[in-house]
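Peer 1: Contents are mmCIF, C-alpha atoms; file name work-v2.cif:
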```cif
data_work
loop_
_atom_site.group_PDB
_atom_site.id
_atom_site.type_symbol
_atom_site.label_atom_id
_atom_site.label_comp_id
_atom_site.auth_asym_id
_atom_site.auth_seq_id
_atom_site.Cartn_x
_atom_site.Cartn_y
_atom_site.Cartn_z
ATOM 1 C CA MET B 25 -39.124 -11.921 35.169
ATOM 2 C CA THR B 26 -36.322 -11.791 37.683
ATOM 3 C CA LYS B 27 -34.668 -14.594 39.558
ATOM 4 C CA SER B 28 -36.787 -13.980 42.636
ATOM 5 C CA ASP B 29 -39.978 -14.523 40.649
ATOM 6 C CA VAL B 30 -39.114 -18.080 39.728
ATOM 7 C CA PHE B 31 -36.552 -19.763 41.949
ATOM 8 C CA PRO B 32 -36.112 -19.650 45.703
ATOM 9 C CA LYS B 33 -33.175 -17.762 47.177
ATOM 10 C CA VAL B 34 -31.071 -19.455 49.846
ATOM 11 C CA ASP B 35 -28.286 -17.579 51.637
ATOM 12 C CA ASP B 36 -27.224 -20.237 54.141
ATOM 13 C CA LYS B 37 -24.138 -21.971 52.736
ATOM 14 C CA THR B 38 -24.729 -25.286 54.465
ATOM 15 C CA GLU B 39 -28.256 -25.402 53.089
ATOM 16 C CA LEU B 40 -27.006 -24.413 49.604
ATOM 17 C CA GLU B 41 -24.303 -27.082 49.632
ATOM 18 C CA GLU B 42 -25.888 -29.931 51.549
ATOM 19 C CA GLY B 43 -29.593 -29.374 51.007
ATOM 20 C CA THR B 44 -31.852 -30.715 48.284
ATOM 21 C CA LEU B 45 -33.765 -27.504 47.517
ATOM 22 C CA PHE B 46 -32.720 -26.168 44.105
ATOM 23 C CA ALA B 47 -31.923 -22.507 44.737
ATOM 24 C CA PRO B 48 -29.765 -21.349 41.815
ATOM 25 C CA ASN B 49 -27.453 -18.572 42.871
ATOM 26 C CA PHE B 50 -27.580 -16.091 39.966
ATOM 27 C CA ASP B 51 -24.833 -13.476 39.705
ATOM 28 C CA ALA B 52 -25.420 -9.754 40.178
ATOM 29 C CA HIS B 53 -26.623 -9.496 36.576
ATOM 30 C CA GLY B 54 -29.036 -12.414 36.947
ATOM 31 C CA PHE B 55 -26.900 -14.949 35.049
ATOM 32 C CA LEU B 56 -25.587 -18.445 35.702
ATOM 33 C CA PRO B 57 -22.648 -19.947 33.789
ATOM 34 C CA ALA B 58 -23.670 -23.133 31.955
ATOM 35 C CA ILE B 59 -21.195 -25.849 30.955
ATOM 36 C CA VAL B 60 -22.416 -28.090 28.140
ATOM 37 C CA THR B 61 -20.943 -31.536 27.490
ATOM 38 C CA SER B 62 -21.788 -34.295 25.020
ATOM 39 C CA ALA B 63 -23.754 -37.155 26.612
ATOM 40 C CA GLU B 64 -22.162 -39.416 24.009
ATOM 41 C CA THR B 65 -18.472 -38.504 24.256
ATOM 42 C CA GLY B 66 -18.162 -36.438 27.446
ATOM 43 C CA GLU B 67 -16.447 -33.717 25.413
ATOM 44 C CA VAL B 68 -17.117 -30.116 26.425
ATOM 45 C CA LEU B 69 -19.217 -28.672 23.597
ATOM 46 C CA MET B 70 -19.795 -25.076 24.631
ATOM 47 C CA PHE B 71 -20.110 -22.589 27.466
ATOM 48 C CA ALA B 72 -22.936 -20.073 27.786
ATOM 49 C CA TYR B 73 -25.098 -18.229 30.304
ATOM 50 C CA MET B 74 -28.661 -18.706 31.503
ATOM 51 C CA ASN B 75 -31.003 -16.252 33.152
ATOM 52 C CA ALA B 76 -33.962 -17.460 35.224
ATOM 53 C CA ASP B 77 -36.240 -17.706 32.182
ATOM 54 C CA ALA B 78 -33.710 -19.746 30.205
ATOM 55 C CA LEU B 79 -33.153 -22.052 33.155
ATOM 56 C CA ALA B 80 -36.878 -22.539 33.848
ATOM 57 C CA LEU B 81 -37.549 -23.274 30.159
ATOM 58 C CA SER B 82 -34.620 -25.701 29.983
ATOM 59 C CA ILE B 83 -35.930 -27.601 33.011
ATOM 60 C CA LYS B 84 -39.531 -27.658 31.827
ATOM 61 C CA THR B 85 -38.921 -28.579 28.173
ATOM 62 C CA GLY B 86 -35.668 -30.567 28.387
ATOM 63 C CA GLU B 87 -34.414 -28.414 25.473
ATOM 64 C CA ALA B 88 -31.435 -26.159 26.195
ATOM 65 C CA HIS B 89 -32.193 -22.434 26.373
ATOM 66 C CA TYR B 90 -29.659 -19.709 27.121
ATOM 67 C CA TRP B 91 -29.388 -15.974 27.529
ATOM 68 C CA SER B 92 -27.361 -14.178 24.892
ATOM 69 C CA ARG B 93 -25.490 -11.408 26.641
ATOM 70 C CA SER B 94 -24.387 -9.889 23.310
ATOM 71 C CA ARG B 95 -27.906 -9.817 21.826
ATOM 72 C CA ASN B 96 -29.622 -9.312 25.182
ATOM 73 C CA SER B 97 -32.218 -11.946 24.406
ATOM 74 C CA LEU B 98 -33.419 -15.413 25.315
ATOM 75 C CA TRP B 99 -32.131 -18.009 22.924
ATOM 76 C CA ARG B 100 -33.228 -21.574 22.257
ATOM 77 C CA LYS B 101 -30.151 -23.442 21.091
ATOM 78 C CA GLY B 102 -30.627 -24.429 17.446
ATOM 79 C CA GLU B 103 -33.452 -22.006 16.676
ATOM 80 C CA THR B 104 -31.478 -20.735 13.661
ATOM 81 C CA SER B 105 -29.164 -23.622 12.830
ATOM 82 C CA GLY B 106 -31.455 -26.556 13.643
ATOM 83 C CA ASN B 107 -28.696 -27.951 15.868
ATOM 84 C CA CYS B 108 -30.706 -28.251 19.061
ATOM 85 C CA GLN B 109 -29.717 -29.770 22.406
ATOM 86 C CA ARG B 110 -31.829 -32.360 24.193
ATOM 87 C CA ILE B 111 -30.810 -32.322 27.849
ATOM 88 C CA VAL B 112 -29.943 -35.795 29.124
ATOM 89 C CA GLU B 113 -28.918 -34.643 32.585
ATOM 90 C CA MET B 114 -28.686 -31.307 34.394
ATOM 91 C CA ARG B 115 -26.585 -30.825 37.520
ATOM 92 C CA THR B 116 -25.659 -27.898 39.728
ATOM 93 C CA ASP B 117 -22.469 -27.388 41.723
ATOM 94 C CA CYS B 118 -21.737 -27.134 45.437
ATOM 95 C CA ASP B 119 -22.834 -23.521 45.884
ATOM 96 C CA GLN B 120 -25.433 -23.696 43.113
ATOM 97 C CA ASP B 121 -23.929 -20.920 40.990
ATOM 98 C CA VAL B 122 -23.055 -23.056 37.929
ATOM 99 C CA ILE B 123 -25.135 -25.413 35.754
ATOM 100 C CA TRP B 124 -23.779 -28.464 33.930
ATOM 101 C CA LEU B 125 -25.829 -29.853 31.028
ATOM 102 C CA SER B 126 -25.112 -33.211 29.443
ATOM 103 C CA VAL B 127 -26.835 -33.098 26.040
ATOM 104 C CA GLU B 128 -27.583 -34.906 22.816
ATOM 105 C CA MET B 129 -27.182 -32.731 19.712
ATOM 106 C CA THR B 130 -29.753 -32.906 16.929
ATOM 107 C CA GLY B 131 -29.350 -31.690 13.333
ATOM 108 C CA SER B 132 -25.819 -31.815 11.943
ATOM 109 C CA GLY B 133 -24.468 -32.595 15.412
ATOM 110 C CA ALA B 134 -22.355 -29.454 15.342
ATOM 111 C CA CYS B 135 -22.580 -27.217 18.393
ATOM 112 C CA CYS B 136 -20.288 -24.311 17.486
ATOM 113 C CA HIS B 137 -21.397 -21.387 15.294
ATOM 114 C CA THR B 138 -18.189 -21.893 13.283
ATOM 115 C CA GLY B 139 -19.521 -25.294 12.163
ATOM 116 C CA ARG B 140 -17.437 -27.496 14.461
ATOM 117 C CA LYS B 141 -18.794 -30.208 16.769
ATOM 118 C CA SER B 142 -17.423 -28.374 19.799
ATOM 119 C CA CYS B 143 -16.384 -24.770 20.428
ATOM 120 C CA PHE B 144 -13.184 -26.194 21.933
ATOM 121 C CA TYR B 145 -11.402 -27.161 18.709
ATOM 122 C CA ARG B 146 -7.929 -25.854 19.607
ATOM 123 C CA ALA B 147 -5.500 -27.091 22.255
ATOM 124 C CA VAL B 148 -3.123 -24.842 24.210
ATOM 125 C CA PRO B 149 0.281 -26.576 24.396
ATOM 126 C CA LEU B 150 1.711 -26.929 27.893
ATOM 127 C CA GLY B 151 5.219 -26.198 29.127
ATOM 128 C CA ALA B 152 5.630 -22.944 27.230
ATOM 129 C CA ASP B 153 6.555 -19.620 28.749
ATOM 130 C CA ALA B 154 3.566 -17.391 28.090
ATOM 131 C CA SER B 155 5.830 -14.396 27.531
ATOM 132 C CA ALA B 156 6.521 -15.952 24.123
ATOM 133 C CA ALA B 157 3.707 -16.426 21.592
ATOM 134 C CA VAL B 158 1.816 -19.690 22.154
ATOM 135 C CA ALA B 159 0.635 -21.486 18.998
ATOM 136 C CA LEU B 160 -2.714 -23.272 19.268
ATOM 137 C CA VAL B 161 -3.053 -26.814 17.909
ATOM 138 C CA PRO B 162 -6.264 -27.796 16.052
ATOM 139 C CA VAL B 163 -8.159 -30.761 17.576
ATOM 140 C CA ASP B 164 -11.292 -32.183 15.887
ATOM 141 C CA ALA B 165 -11.493 -28.905 14.011
ATOM 142 C CA GLU B 166 -13.288 -30.130 10.876
ATOM 143 C CA ARG B 167 -16.422 -28.166 10.066
ATOM 144 C CA GLN B 168 -19.681 -30.143 10.112
ATOM 145 C CA PHE B 169 -21.549 -27.358 8.294
ATOM 146 C CA ASP B 170 -20.826 -24.155 6.393
ATOM 147 C CA PRO B 171 -21.781 -21.305 8.728
ATOM 148 C CA GLU B 172 -22.374 -18.898 5.861
ATOM 149 C CA ALA B 173 -24.832 -21.306 4.251
ATOM 150 C CA VAL B 174 -26.619 -22.022 7.532
ATOM 151 C CA TYR B 175 -26.878 -18.477 8.846
ATOM 152 C CA GLY B 176 -27.355 -16.916 5.428
ATOM 153 C CA HIS B 177 -24.772 -14.189 5.744
ATOM 154 C CA ALA B 178 -21.070 -13.803 6.160
ATOM 155 C CA ASP B 179 -21.318 -12.462 9.701
ATOM 156 C CA ALA B 180 -21.589 -15.979 11.040
ATOM 157 C CA ALA B 181 -18.326 -17.068 9.519
ATOM 158 C CA LYS B 182 -16.730 -13.891 10.827
ATOM 159 C CA GLY B 183 -17.995 -14.684 14.284
ATOM 160 C CA THR B 184 -20.179 -11.650 14.840
ATOM 161 C CA LEU B 185 -23.060 -14.068 15.188
ATOM 162 C CA LYS B 186 -21.966 -16.073 18.181
ATOM 163 C CA SER B 187 -24.869 -18.363 18.893
ATOM 164 C CA SER B 188 -26.352 -21.063 16.712
ATOM 165 C CA MET Z 20 0.643 -8.092 36.159
ATOM 166 C CA THR Z 21 -2.245 -7.426 33.783
ATOM 167 C CA LYS Z 22 -3.387 -9.405 30.783
ATOM 168 C CA SER Z 23 -1.548 -7.090 28.383
ATOM 169 C CA ASP Z 24 1.755 -7.849 30.075
ATOM 170 C CA VAL Z 25 1.625 -11.538 29.305
ATOM 171 C CA PHE Z 26 -0.674 -12.544 26.475
ATOM 172 C CA PRO Z 27 -1.280 -10.901 23.103
ATOM 173 C CA LYS Z 28 -4.577 -9.140 22.497
ATOM 174 C CA VAL Z 29 -6.447 -9.866 19.252
ATOM 175 C CA ASP Z 30 -9.613 -7.962 18.348
ATOM 176 C CA ASP Z 31 -10.257 -9.418 14.895
ATOM 177 C CA LYS Z 32 -12.900 -12.135 15.267
ATOM 178 C CA THR Z 33 -11.767 -14.185 12.292
ATOM 179 C CA GLU Z 34 -8.224 -14.223 13.635
ATOM 180 C CA LEU Z 35 -9.486 -15.112 17.146
ATOM 181 C CA GLU Z 36 -11.642 -17.974 15.846
ATOM 182 C CA GLU Z 37 -9.622 -19.331 12.941
ATOM 183 C CA GLY Z 38 -6.060 -18.355 13.847
ATOM 184 C CA THR Z 39 -3.488 -20.310 15.791
ATOM 185 C CA LEU Z 40 -2.188 -17.456 17.965
ATOM 186 C CA PHE Z 41 -3.295 -17.969 21.573
ATOM 187 C CA ALA Z 42 -4.806 -14.621 22.553
ATOM 188 C CA PRO Z 43 -7.019 -15.279 25.584
ATOM 189 C CA ASN Z 44 -9.862 -12.820 25.750
ATOM 190 C CA PHE Z 45 -10.086 -11.885 29.447
ATOM 191 C CA ASP Z 46 -13.264 -10.198 30.690
ATOM 192 C CA ALA Z 47 -13.409 -6.608 31.916
ATOM 193 C CA HIS Z 48 -12.113 -7.726 35.327
ATOM 194 C CA GLY Z 49 -9.209 -9.687 33.808
ATOM 195 C CA PHE Z 50 -10.745 -13.149 34.342
ATOM 196 C CA LEU Z 51 -11.394 -16.184 32.166
ATOM 197 C CA PRO Z 52 -13.907 -18.906 33.110
ATOM 198 C CA ALA Z 53 -12.222 -22.314 33.417
ATOM 199 C CA ILE Z 54 -14.099 -25.609 33.027
ATOM 200 C CA VAL Z 55 -12.339 -28.576 34.636
ATOM 201 C CA THR Z 56 -13.102 -32.175 33.646
ATOM 202 C CA SER Z 57 -11.629 -35.508 34.705
ATOM 203 C CA ALA Z 58 -9.246 -36.970 32.120
ATOM 204 C CA GLU Z 59 -10.249 -40.396 33.410
ATOM 205 C CA THR Z 60 -14.059 -40.196 33.412
ATOM 206 C CA GLY Z 61 -14.906 -37.050 31.432
ATOM 207 C CA GLU Z 62 -17.003 -35.845 34.367
ATOM 208 C CA VAL Z 63 -17.078 -32.114 35.057
ATOM 209 C CA LEU Z 64 -15.176 -31.669 38.331
ATOM 210 C CA MET Z 65 -15.335 -27.948 38.991
ATOM 211 C CA PHE Z 66 -15.626 -24.470 37.540
ATOM 212 C CA ALA Z 67 -13.338 -21.577 38.463
ATOM 213 C CA TYR Z 68 -11.688 -18.451 37.103
ATOM 214 C CA MET Z 69 -8.149 -17.667 35.969
ATOM 215 C CA ASN Z 70 -6.408 -14.346 35.654
ATOM 216 C CA ALA Z 71 -3.361 -13.940 33.397
ATOM 217 C CA ASP Z 72 -0.952 -15.050 36.133
ATOM 218 C CA ALA Z 73 -2.946 -18.194 36.900
ATOM 219 C CA LEU Z 74 -3.186 -19.040 33.210
ATOM 220 C CA ALA Z 75 0.512 -18.449 32.541
ATOM 221 C CA LEU Z 76 1.484 -20.580 35.569
ATOM 222 C CA SER Z 77 -0.914 -23.351 34.553
ATOM 223 C CA ILE Z 78 0.598 -23.457 31.050
ATOM 224 C CA LYS Z 79 4.184 -23.323 32.251
ATOM 225 C CA THR Z 80 3.946 -25.837 35.101
ATOM 226 C CA GLY Z 81 1.127 -28.128 33.909
ATOM 227 C CA GLU Z 82 -0.395 -27.735 37.405
ATOM 228 C CA ALA Z 83 -3.771 -26.012 37.610
ATOM 229 C CA HIS Z 84 -3.748 -22.508 39.106
ATOM 230 C CA TYR Z 85 -6.785 -20.270 39.533
ATOM 231 C CA TRP Z 86 -7.790 -16.848 40.751
ATOM 232 C CA SER Z 87 -9.992 -16.800 43.817
ATOM 233 C CA ARG Z 88 -12.442 -13.954 43.370
ATOM 234 C CA SER Z 89 -13.662 -14.276 46.968
ATOM 235 C CA ARG Z 90 -10.168 -14.197 48.479
ATOM 236 C CA ASN Z 91 -8.715 -11.966 45.763
ATOM 237 C CA SER Z 92 -5.629 -14.132 45.422
ATOM 238 C CA LEU Z 93 -3.827 -16.553 43.168
ATOM 239 C CA TRP Z 94 -4.497 -20.138 44.140
ATOM 240 C CA ARG Z 95 -2.705 -23.351 43.241
ATOM 241 C CA LYS Z 96 -5.331 -26.081 43.334
ATOM 242 C CA GLY Z 97 -4.504 -28.441 46.187
ATOM 243 C CA GLU Z 98 -2.165 -26.110 48.062
ATOM 244 C CA THR Z 99 -4.209 -26.687 51.230
ATOM 245 C CA SER Z 100 -5.882 -30.038 50.639
ATOM 246 C CA GLY Z 101 -3.123 -31.824 48.713
ATOM 247 C CA ASN Z 102 -5.668 -32.606 45.995
ATOM 248 C CA CYS Z 103 -3.778 -31.080 43.073
ATOM 249 C CA GLN Z 104 -4.596 -31.163 39.381
ATOM 250 C CA ARG Z 105 -2.116 -32.269 36.716
ATOM 251 C CA ILE Z 106 -3.290 -30.829 33.424
ATOM 252 C CA VAL Z 107 -3.534 -33.502 30.714
ATOM 253 C CA GLU Z 108 -4.922 -31.169 28.060
ATOM 254 C CA MET Z 109 -5.854 -27.495 27.874
ATOM 255 C CA ARG Z 110 -8.145 -26.106 25.191
ATOM 256 C CA THR Z 111 -9.701 -22.748 24.431
ATOM 257 C CA ASP Z 112 -13.019 -22.032 22.724
ATOM 258 C CA CYS Z 113 -13.957 -20.322 19.456
ATOM 259 C CA ASP Z 114 -13.580 -16.746 20.673
ATOM 260 C CA GLN Z 115 -10.887 -17.607 23.219
ATOM 261 C CA ASP Z 116 -12.777 -16.379 26.265
ATOM 262 C CA VAL Z 117 -13.099 -19.753 28.050
ATOM 263 C CA ILE Z 118 -10.524 -22.391 29.078
ATOM 264 C CA TRP Z 119 -11.180 -26.130 29.330
ATOM 265 C CA LEU Z 120 -8.790 -28.216 31.415
ATOM 266 C CA SER Z 121 -8.781 -32.000 31.347
ATOM 267 C CA VAL Z 122 -6.960 -33.052 34.537
ATOM 268 C CA GLU Z 123 -5.736 -35.909 36.681
ATOM 269 C CA MET Z 124 -6.407 -35.432 40.387
ATOM 270 C CA THR Z 125 -3.733 -36.285 42.941
ATOM 271 C CA GLY Z 126 -4.200 -36.882 46.675
ATOM 272 C CA SER Z 127 -7.576 -38.266 47.711
ATOM 273 C CA GLY Z 128 -8.913 -37.691 44.211
ATOM 274 C CA ALA Z 129 -11.578 -35.360 45.546
ATOM 275 C CA CYS Z 130 -11.916 -32.024 43.783
ATOM 276 C CA CYS Z 131 -14.671 -30.308 45.760
ATOM 277 C CA HIS Z 132 -14.050 -28.463 49.043
ATOM 278 C CA THR Z 133 -17.008 -30.396 50.488
ATOM 279 C CA GLY Z 134 -15.002 -33.617 50.082
ATOM 280 C CA ARG Z 135 -16.730 -34.951 46.970
ATOM 281 C CA LYS Z 136 -14.985 -36.069 43.770
ATOM 282 C CA SER Z 137 -16.813 -33.398 41.787
ATOM 283 C CA CYS Z 138 -18.550 -30.163 42.739
ATOM 284 C CA PHE Z 139 -21.487 -31.365 40.630
ATOM 285 C CA TYR Z 140 -22.906 -33.959 43.035
ATOM 286 C CA ARG Z 141 -26.607 -33.083 42.657
ATOM 287 C CA ALA Z 142 -28.855 -33.468 39.611
ATOM 288 C CA VAL Z 143 -31.710 -31.114 38.734
ATOM 289 C CA PRO Z 144 -34.745 -33.183 37.655
ATOM 290 C CA LEU Z 145 -36.224 -32.249 34.284
ATOM 291 C CA GLY Z 146 -39.849 -31.733 33.322
ATOM 292 C CA ALA Z 147 -40.812 -29.789 36.432
ATOM 293 C CA ASP Z 148 -42.407 -26.391 36.501
ATOM 294 C CA ALA Z 149 -39.859 -24.137 38.192
ATOM 295 C CA SER Z 150 -42.620 -22.171 39.910
ATOM 296 C CA ALA Z 151 -42.852 -25.160 42.258
ATOM 297 C CA ALA Z 152 -39.893 -26.138 44.433
ATOM 298 C CA VAL Z 153 -37.445 -28.410 42.594
ATOM 299 C CA ALA Z 154 -35.801 -31.134 44.707
ATOM 300 C CA LEU Z 155 -32.181 -31.947 43.832
ATOM 301 C CA VAL Z 156 -31.125 -35.598 43.532
ATOM 302 C CA PRO Z 157 -27.698 -36.645 44.916
ATOM 303 C CA VAL Z 158 -25.345 -38.227 42.331
ATOM 304 C CA ASP Z 159 -21.929 -39.622 43.363
ATOM 305 C CA ALA Z 160 -22.277 -37.515 46.496
ATOM 306 C CA GLU Z 161 -20.141 -39.618 48.844
ATOM 307 C CA ARG Z 162 -17.406 -37.647 50.577
ATOM 308 C CA GLN Z 163 -13.831 -38.739 49.812
ATOM 309 C CA PHE Z 164 -12.454 -36.742 52.738
ATOM 310 C CA ASP Z 165 -13.678 -34.903 55.816
ATOM 311 C CA PRO Z 166 -13.393 -31.181 55.009
ATOM 312 C CA GLU Z 167 -13.108 -30.206 58.652
ATOM 313 C CA ALA Z 168 -10.161 -32.555 59.154
ATOM 314 C CA VAL Z 169 -8.434 -31.429 55.963
ATOM 315 C CA TYR Z 170 -8.906 -27.686 56.340
ATOM 316 C CA GLY Z 171 -8.595 -27.711 60.105
ATOM 317 C CA HIS Z 172 -11.647 -25.668 60.902
ATOM 318 C CA ALA Z 173 -15.386 -25.876 60.535
ATOM 319 C CA ASP Z 174 -15.568 -23.078 57.963
ATOM 320 C CA ALA Z 175 -14.657 -25.546 55.246
ATOM 321 C CA ALA Z 176 -17.584 -27.781 55.984
ATOM 322 C CA LYS Z 177 -19.824 -24.743 56.125
ATOM 323 C CA GLY Z 178 -18.594 -23.691 52.729
ATOM 324 C CA THR Z 179 -17.063 -20.359 53.642
ATOM 325 C CA LEU Z 180 -13.773 -21.773 52.423
ATOM 326 C CA LYS Z 181 -14.589 -22.432 48.817
ATOM 327 C CA SER Z 182 -11.334 -23.565 47.282
ATOM 328 C CA SER Z 183 -9.276 -26.618 48.145
#
```
Written as structure tokens, how would this file's structure read?
Peer 2:
Amino acid sequence: MTKSDVFPKVDDKTELEEGTLFAPNFDAHGFLPAIVTSAETGEVLMFAYMNADALALSIKTGEAHYWSRSRNSLWRKGETSGNCQRIVEMRTDCDQDVIWLSVEMTGSGACCHTGRKSCFYRAVPLGADASAAVALVPVDAERQFDPEAVYGHADAAKGTLKSS
Amino acid sequence: MTKSDVFPKVDDKTELEEGTLFAPNFDAHGFLPAIVTSAETGEVLMFAYMNADALALSIKTGEAHYWSRSRNSLWRKGETSGNCQRIVEMRTDCDQDVIWLSVEMTGSGACCHTGRKSCFYRAVPLGADASAAVALVPVDAERQFDPEAVYGHADAAKGTLKSS
């Protein structure tokens, strides 16, 4: 299934930006970036990509689906870890080439494959000159689950298994 | 300036995910996706890309800079519209290939080139079958400024001038 099989294609920018027809503008590879935030806290939980199938399934079921570029496969969030995402609200941006999902997590409530609530568990300090090494600062970095126990092998903890 | 001139490169996934050295993992074109949320409301305001220069300038100055892929140029947010972004917090994700900025808007407070507070001013209804046309629903879609007046030509309103 390609994008043209499922969603309409709109080239006119005024129509894309001011119209009400949903015409997601997939990139040359057939992907859309998807921003995922917590409906409860507003925190950014993760960032992933959708193809047309993942987007259509997400809309129809209200459960977040993505496309894994590394594994080249459709992926229902939580299919391995049990930490699924119920979509509370989906929005698109001005030129319809990005999706924003506001979600409720199920399971342990952890979104990141490393076991944290959010993938964004380290802050980048401001004011530094980037020519010197910049030291990240942990923020809400406690693990909610043990990735090795959940995924059943050490690859998860090592990060070679990105999705959860 | 390329990524290797400014930021360290780390290939080890455990070090990338569990370490404290900031080693942003730019894509093959030298870009990082950047998610921008409002420090006040938590709302997602926009999505853009940074190259190494834009990232280094954002860190050093605390003012959001991006790379415009359409114009092939570095871009300080607000340089035309006056609607700048003061970075309150910057975070990176597990494998350091995405940036999240929490920002305060200056000027009119509008982030989107169409004049809205956020680029995400339309919701995608859930439960529909995507094989039928999906009608977007406006959310907080009031314009905070007139794009034609701000950018001085009609291209802005038509969306051919994406950044602001």
Peer 1: Under the rule of at most 6 Å, produce a per-residue listing of chain Z near chain B: chain, number, name, the closest pair of atoms, and the distance in Å, as a Markdown table, using only C-alpha atoms.
Peer 2:
```
| residue | atom | partner | partner_atom | distance |
| --- | --- | --- | --- | --- |
| Z:Val25 | CA | B:Ser155 | CA | 5.4 |
| Z:Lys32 | CA | B:Gly183 | CA | 5.8 |
| Z:Thr33 | CA | B:Lys182 | CA | 5.2 |
| Z:Thr39 | CA | B:Leu160 | CA | 4.6 |
| Z:Leu40 | CA | B:Ala159 | CA | 5.0 |
| Z:Phe41 | CA | B:Val158 | CA | 5.4 |
| Z:Gly61 | CA | B:Gly66 | CA | 5.2 |
| Z:Ala75 | CA | B:Ala154 | CA | 5.5 |
| Z:Ile78 | CA | B:Leu150 | CA | 4.8 |
| Z:Lys79 | CA | B:Gly151 | CA | 4.4 |
| Z:Met109 | CA | B:Val148 | CA | 5.3 |
| Z:Arg110 | CA | B:Ala147 | CA | 4.1 |
| Z:Thr111 | CA | B:Phe144 | CA | 5.5 |
| Z:Asp112 | CA | B:Phe144 | CA | 4.2 |
| Z:Cys113 | CA | B:Cys143 | CA | 5.2 |
| Z:Cys138 | CA | B:Asp117 | CA | 4.9 |
| Z:Phe139 | CA | B:Asp117 | CA | 4.2 |
| Z:Arg141 | CA | B:Arg115 | CA | 5.6 |
| Z:Ala142 | CA | B:Arg115 | CA | 4.1 |
| Z:Val143 | CA | B:Arg115 | CA | 5.3 |
| Z:Leu145 | CA | B:Ile83 | CA | 4.8 |
| Z:Gly146 | CA | B:Lys84 | CA | 4.4 |
| Z:Ala147 | CA | B:Lys84 | CA | 5.2 |
| Z:Asp148 | CA | B:Lys84 | CA | 5.6 |
| Z:Ala149 | CA | B:Ala80 | CA | 5.5 |
| Z:Ser150 | CA | B:Val30 | CA | 5.4 |
| Z:Val153 | CA | B:Phe46 | CA | 5.4 |
| Z:Ala154 | CA | B:Leu45 | CA | 5.0 |
| Z:Leu155 | CA | B:Thr44 | CA | 4.6 |
| Z:Lys177 | CA | B:Thr38 | CA | 5.2 |
| Z:Gly178 | CA | B:Lys37 | CA | 5.8 |
```
Peer 1: Given the file above and the PyMOL selection byres ((chain B and resi 102-109) around 9), which residues are selected, and can you give them as a PDB file with C-alpha atoms, in the coordinates of the input?
Peer 2:
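Saved to selection20.pdb:
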```pdb
ATOM      1  CA  GLY B  86     -35.668 -30.567  28.387  1.00  0.00           C
ATOM      2  CA  GLU B  87     -34.414 -28.414  25.473  1.00  0.00           C
ATOM      3  CA  ALA B  88     -31.435 -26.159  26.195  1.00  0.00           C
ATOM      4  CA  HIS B  89     -32.193 -22.434  26.373  1.00  0.00           C
ATOM      5  CA  TRP B  99     -32.131 -18.009  22.924  1.00  0.00           C
ATOM      6  CA  ARG B 100     -33.228 -21.574  22.257  1.00  0.00           C
ATOM      7  CA  LYS B 101     -30.151 -23.442  21.091  1.00  0.00           C
ATOM      8  CA  ARG B 110     -31.829 -32.360  24.193  1.00  0.00           C
ATOM      9  CA  ILE B 111     -30.810 -32.322  27.849  1.00  0.00           C
ATOM     10  CA  VAL B 127     -26.835 -33.098  26.040  1.00  0.00           C
ATOM     11  CA  GLU B 128     -27.583 -34.906  22.816  1.00  0.00           C
ATOM     12  CA  MET B 129     -27.182 -32.731  19.712  1.00  0.00           C
ATOM     13  CA  THR B 130     -29.753 -32.906  16.929  1.00  0.00           C
ATOM     14  CA  GLY B 131     -29.350 -31.690  13.333  1.00  0.00           C
ATOM     15  CA  SER B 132     -25.819 -31.815  11.943  1.00  0.00           C
ATOM     16  CA  GLY B 133     -24.468 -32.595  15.412  1.00  0.00           C
ATOM     17  CA  ALA B 134     -22.355 -29.454  15.342  1.00  0.00           C
ATOM     18  CA  CYS B 135     -22.580 -27.217  18.393  1.00  0.00           C
ATOM     19  CA  HIS B 137     -21.397 -21.387  15.294  1.00  0.00           C
ATOM     20  CA  PRO B 171     -21.781 -21.305   8.728  1.00  0.00           C
ATOM     21  CA  VAL B 174     -26.619 -22.022   7.532  1.00  0.00           C
ATOM     22  CA  TYR B 175     -26.878 -18.477   8.846  1.00  0.00           C
ATOM     23  CA  SER B 187     -24.869 -18.363  18.893  1.00  0.00           C
ATOM     24  CA  SER B 188     -26.352 -21.063  16.712  1.00  0.00           C
TER      25      SER B 188
END
```
Peer 1: Quick one: axis-aligned box around all listed atoms of region 154-157 of chain Z, 4 Å on every side, centre and edge lengths in Å to one decimal, written as JSON.
Peer 2:
```
{"center_x": -31.7, "center_y": -33.9, "center_z": 44.2, "size_x": 16.1, "size_y": 13.5, "size_z": 9.4}
```
Peer 1: Just to confirm, what's the straight-line distance from CA of Phe169 (chain B) to CA of Tyr73 (chain B) in Å (one decimal)?
Peer 2: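 That distance, rounded to one decimal, is 24.1 Å.
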Peer 1: Suppose you want the space between CA of Asp35 (chain B) and CA of Pro48 (chain B); what is it in Å?
Peer 2: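 Answer for the CA of Asp35 (chain B) to CA of Pro48 (chain B) separation: 10.6 Å.
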Peer 1: Give me the residues within 6 Å of Met69 (chain Z) as an MDAnalysis selection string, counting only C-alpha atoms and dropping any in the same chain fewer than 4 places off.
Peer 2: chainID Z and resid 50:51 73:74 85:86
